[in-house]
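As structure tokens, the structure follows; a few thoughts come after it.
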Amino acid sequence: MSITNYPHGISSFGVPILGSGGARFSGWWGKSYFVDYDHGADGNGGLEPGDPLKNLQTAINLCTINDVVYIRNRDQDITSTDPEAIIPASTTNWSIAEAQTHLSIIGASNVSHIPTMEGQYGIYLKGQSAANTTAVMDWRGAFGLIENLAFHSGGSTSGGHLALAGNSTSLRALGTVVSNCLFRLSTQAAHGGVHNVDNWFITVYGCTFHDCLFGVRMLGSSSTLRRISIVGCLFRNQTAASVDTNIRLAGTNGQAILIDGCVFTTPVGTAGDAKMINVVDAMTGTICNCNFPIDTVEGTTGITDNGLSQVNNNQAMWGADTGPGGRVA
């Protein structure tokens, strides 16, 4: 049996995860699987921190409704410039099936539960270079939770980072919550850090998007976008030219869209949409309590709202209808 370095009392947003000896939730609560890329083995049972699996997809394949997968951070080489990444074992990227509803995948680093503090780097998922047409993680189960993880495209992945893949007959990823995750260097024009098609009730909370060509990209193709919430996110464009749009929403008659408390650090580049927020088709909802780096709120320099109300946002410059600090009255 492998020895792992899971700490006692690992937690998710401060909620303790119960240990072994019968204390762990069971029955209709589902099972808990543990993944340790450095110290685990796929021949282990995976149900205890001291008996972890090695590969994430192995754990995912064992999961049914209501199960949880906890991923330990990798052992780090402190001489490297990037964190040590977890890479798929096969030539395909990670995938969650439609039948795997209410599944949670949570990074269990002892720093990754600290919201918006870059602790997401603790668990670093990197796409398989041979899987050059699919997302790093393709999520098709409803009511899922993705928490405390960092995503990177890998060698040649062209499918974006996290795909919430609905279709014309099923809102497959309905009700998914993406919380406290980092999306880094997504370069694909047809996808994004978080790419949602047709699914309702999607929440993206407390996430960081670093130099993503598209940060959040949501499309109502066979269905309208409904009850979409993008809250407390940071869009950091270290290299503005590499960013087309931070948030892009498309699909006629989208309803109840909320973009709240997000921070946009620098203007985007000049290619493509060249917008911090681009609502392509008419929708209803609100952009509120956000901070923008340029004088965008009064006009459309960095925002096309297409029906979304703009309320109580901050902008960098003063204008005729703003008060001190650029706050809109």
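Ordering of the structure tokens sets the chain letters (A, B, ...), residue numbers begin anew at 1 in every chain, and ligands are numbered from 1 in the order given.
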Would you kindly return, as a PyMOL selection string, each protein, DNA or RNA residue with an atom no farther than 12 Å from any atom of Ile60 of chain A, considering only C-alpha atoms and excluding same-chain residues fewer than 6 positions away? chain A and resi 31-35+42+46+53-54+66-71+88+93-97+99-101+103-106+137-139+141
Do a neighbour search on segment 123-134 of chain A at 9 Å with only C-alpha atoms, toss out local chain neighbours closer than 4 positions, and write the hits as a PyMOL selection string. chain A and resi 71-74+83-94+107-109+112+119+138+148-161+163+182
If you keep C-alpha atoms, can you produce a file of those selected residues as a JSON list (two decimals), in the first residue's frame?
```
[["chain", "number", "residue", "atom", "x", "y", "z"],
["A", 71, "ILE", "CA", -6.62, 15.22, -6.04],
["A", 72, "ARG", "CA", -3.44, 15.73, -4.07],
["A", 73, "ASN", "CA", -0.95, 18.34, -5.27],
["A", 74, "ARG", "CA", 2.18, 16.99, -6.95],
["A", 83, "PRO", "CA", 4.35, 23.91, -11.12],
["A", 84, "GLU", "CA", 4.64, 20.17, -11.68],
["A", 85, "ALA", "CA", 1.57, 19.14, -13.66],
["A", 86, "ILE", "CA", -0.73, 16.13, -13.71],
["A", 87, "ILE", "CA", -1.00, 14.80, -17.27],
["A", 88, "PRO", "CA", -3.48, 12.21, -18.62],
["A", 89, "ALA", "CA", -2.09, 8.70, -18.69],
["A", 90, "SER", "CA", -3.39, 7.91, -22.17],
["A", 91, "THR", "CA", -3.41, 9.85, -25.43],
["A", 92, "THR", "CA", -6.80, 11.35, -24.59],
["A", 93, "ASN", "CA", -7.73, 14.09, -22.14],
["A", 94, "TRP", "CA", -10.03, 13.75, -19.12],
["A", 107, "GLY", "CA", -8.09, 19.83, -5.53],
["A", 108, "ALA", "CA", -7.00, 18.90, -2.01],
["A", 109, "SER", "CA", -3.83, 21.00, -1.69],
["A", 112, "SER", "CA", -5.96, 25.53, -2.79],
["A", 119, "GLY", "CA", -3.71, 28.63, -4.45],
["A", 138, "ASP", "CA", -14.76, 17.47, -21.21],
["A", 148, "ASN", "CA", -9.46, 24.28, -6.57],
["A", 149, "LEU", "CA", -7.86, 23.25, -9.86],
["A", 150, "ALA", "CA", -5.57, 24.90, -12.41],
["A", 151, "PHE", "CA", -5.80, 24.16, -16.14],
["A", 152, "HIS", "CA", -3.19, 24.50, -18.89],
["A", 153, "SER", "CA", -3.59, 23.53, -22.54],
["A", 154, "GLY", "CA", -0.51, 21.36, -22.83],
["A", 155, "GLY", "CA", 1.48, 20.82, -26.00],
["A", 156, "SER", "CA", -1.11, 21.19, -28.74],
["A", 157, "THR", "CA", -4.60, 20.91, -27.25],
["A", 158, "SER", "CA", -7.02, 22.89, -29.43],
["A", 159, "GLY", "CA", -10.24, 22.23, -27.55],
["A", 160, "GLY", "CA", -9.82, 24.78, -24.76],
["A", 161, "HIS", "CA", -9.59, 24.01, -21.06],
["A", 163, "ALA", "CA", -15.81, 22.21, -21.93],
["A", 182, "LEU", "CA", -7.17, 28.99, -12.58]]
```
### Message
I'd like to know which residues of segment 191-286 of chain A are strand (DSSP E or B) (by DSSP, run on the backbone); could you write them as a ChimeraX atom specification?
### Response
/A:194-197,203-205,208-210,214-219,226,229-231,234-236,245-250,254-260,263-264,275-279,283-286
Closest pair table for segment 172-250 of chain A residues within 12 Å of segment 300-304 of chain A, only C-alpha atoms, as JSON lines:
```
{"residue": "A:Asp244", "atom": "CA", "partner": "A:Gly302", "partner_atom": "CA", "distance": 10.8}
{"residue": "A:Thr245", "atom": "CA", "partner": "A:Gly302", "partner_atom": "CA", "distance": 9.2}
{"residue": "A:Asn246", "atom": "CA", "partner": "A:Gly302", "partner_atom": "CA", "distance": 10.0}
{"residue": "A:Ile247", "atom": "CA", "partner": "A:Ile303", "partner_atom": "CA", "distance": 9.6}
{"residue": "A:Arg248", "atom": "CA", "partner": "A:Thr304", "partner_atom": "CA", "distance": 9.6}
{"residue": "A:Leu249", "atom": "CA", "partner": "A:Thr304", "partner_atom": "CA", "distance": 10.2}
{"residue": "A:Ala250", "atom": "CA", "partner": "A:Thr304", "partner_atom": "CA", "distance": 11.5}
```
Mind writing the picked residues with N, CA and C atoms as an mmCIF file, in the first residue's frame?
```
data_model
loop_
_atom_site.group_PDB
_atom_site.id
_atom_site.type_symbol
_atom_site.label_atom_id
_atom_site.label_comp_id
_atom_site.auth_asym_id
_atom_site.auth_seq_id
_atom_site.Cartn_x
_atom_site.Cartn_y
_atom_site.Cartn_z
ATOM 1 N N ASP A 244 -8.416 38.182 -26.789
ATOM 2 C CA ASP A 244 -9.468 38.671 -27.669
ATOM 3 C C ASP A 244 -10.633 39.181 -26.836
ATOM 4 N N THR A 245 -11.208 38.324 -25.982
ATOM 5 C CA THR A 245 -12.378 38.681 -25.182
ATOM 6 C C THR A 245 -12.314 37.954 -23.848
ATOM 7 N N ASN A 246 -12.538 38.675 -22.757
ATOM 8 C CA ASN A 246 -12.563 38.040 -21.443
ATOM 9 C C ASN A 246 -13.833 37.234 -21.237
ATOM 10 N N ILE A 247 -14.996 37.821 -21.526
ATOM 11 C CA ILE A 247 -16.282 37.122 -21.393
ATOM 12 C C ILE A 247 -17.047 37.324 -22.691
ATOM 13 N N ARG A 248 -17.439 36.232 -23.321
ATOM 14 C CA ARG A 248 -18.208 36.314 -24.566
ATOM 15 C C ARG A 248 -19.459 35.452 -24.431
ATOM 16 N N LEU A 249 -20.628 36.068 -24.592
ATOM 17 C CA LEU A 249 -21.905 35.371 -24.487
ATOM 18 C C LEU A 249 -22.663 35.530 -25.797
ATOM 19 N N ALA A 250 -23.141 34.426 -26.356
ATOM 20 C CA ALA A 250 -23.877 34.472 -27.612
ATOM 21 C C ALA A 250 -25.056 33.511 -27.542
#
```
Separating atom CA of Gly285 of chain A from atom CA of Thr208 of chain A, to the nearest tenth of an Å, is a gap of 22.3 Å
| message | Show me, as a PyMOL selection string, the residues that have an atom within 7 Å of segment 224-241 of chain A when counting only C-alpha atoms, minus same-chain residues fewer than 2 positions from it. | response | chain A and resi 198-211+220+243+246+251-270
Okay, now the selection with C-alpha atoms, as a short mmCIF file (atom, residue, chain, number, x, y, z; two decimals), in the first residue's frame?
```cif
data_model
loop_
_atom_site.label_atom_id
_atom_site.label_comp_id
_atom_site.auth_asym_id
_atom_site.auth_seq_id
_atom_site.Cartn_x
_atom_site.Cartn_y
_atom_site.Cartn_z
CA ASP A 198 -26.51 25.30 -24.21
CA ASN A 199 -26.36 24.43 -20.50
CA TRP A 200 -28.41 26.43 -17.97
CA PHE A 201 -27.64 27.40 -14.36
CA ILE A 202 -23.86 27.55 -14.81
CA THR A 203 -21.86 29.32 -12.07
CA VAL A 204 -18.24 30.41 -12.47
CA TYR A 205 -17.10 31.71 -9.08
CA GLY A 206 -13.81 33.11 -7.81
CA CYS A 207 -11.78 31.96 -10.82
CA THR A 208 -8.68 33.53 -12.39
CA PHE A 209 -8.19 33.74 -16.16
CA HIS A 210 -4.59 34.48 -17.11
CA ASP A 211 -3.86 35.49 -20.71
CA GLY A 220 -26.72 29.18 -26.72
CA VAL A 243 -6.47 38.31 -25.36
CA ASN A 246 -12.56 38.04 -21.44
CA GLY A 251 -27.33 33.04 -28.21
CA THR A 252 -30.59 34.86 -28.88
CA ASN A 253 -32.83 35.74 -25.90
CA GLY A 254 -30.47 34.76 -23.09
CA GLN A 255 -32.10 35.25 -19.70
CA ALA A 256 -31.04 36.14 -16.14
CA ILE A 257 -27.35 36.66 -16.88
CA LEU A 258 -25.27 37.93 -13.93
CA ILE A 259 -21.69 39.25 -14.14
CA ASP A 260 -20.92 40.44 -10.62
CA GLY A 261 -17.80 41.62 -8.77
CA CYS A 262 -15.31 40.76 -11.50
CA VAL A 263 -11.99 42.55 -11.98
CA PHE A 264 -10.47 43.24 -15.41
CA THR A 265 -6.85 44.28 -14.95
CA THR A 266 -5.78 45.63 -18.35
CA PRO A 267 -7.39 46.31 -21.74
CA VAL A 268 -7.56 43.42 -24.17
CA GLY A 269 -5.79 43.33 -27.53
CA THR A 270 -7.05 44.81 -30.78
#
```
Original post:
Which value, in Å to one decimal, gives the distance between atom CA of Gly30 of chain A and atom CA of Cys181 of chain A?
Top reply: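 Distance reported for this atom pair: 23.6 Å.
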Exercise for the section: Go ahead and compute the interatomic distance for atom CA of Asn55 of chain A and atom CA of Gln188 of chain A, in Å to one decimal. Expected result: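 Value for the atom CA of Asn55 of chain A-atom CA of Gln188 of chain A distance: 26.1 Å.
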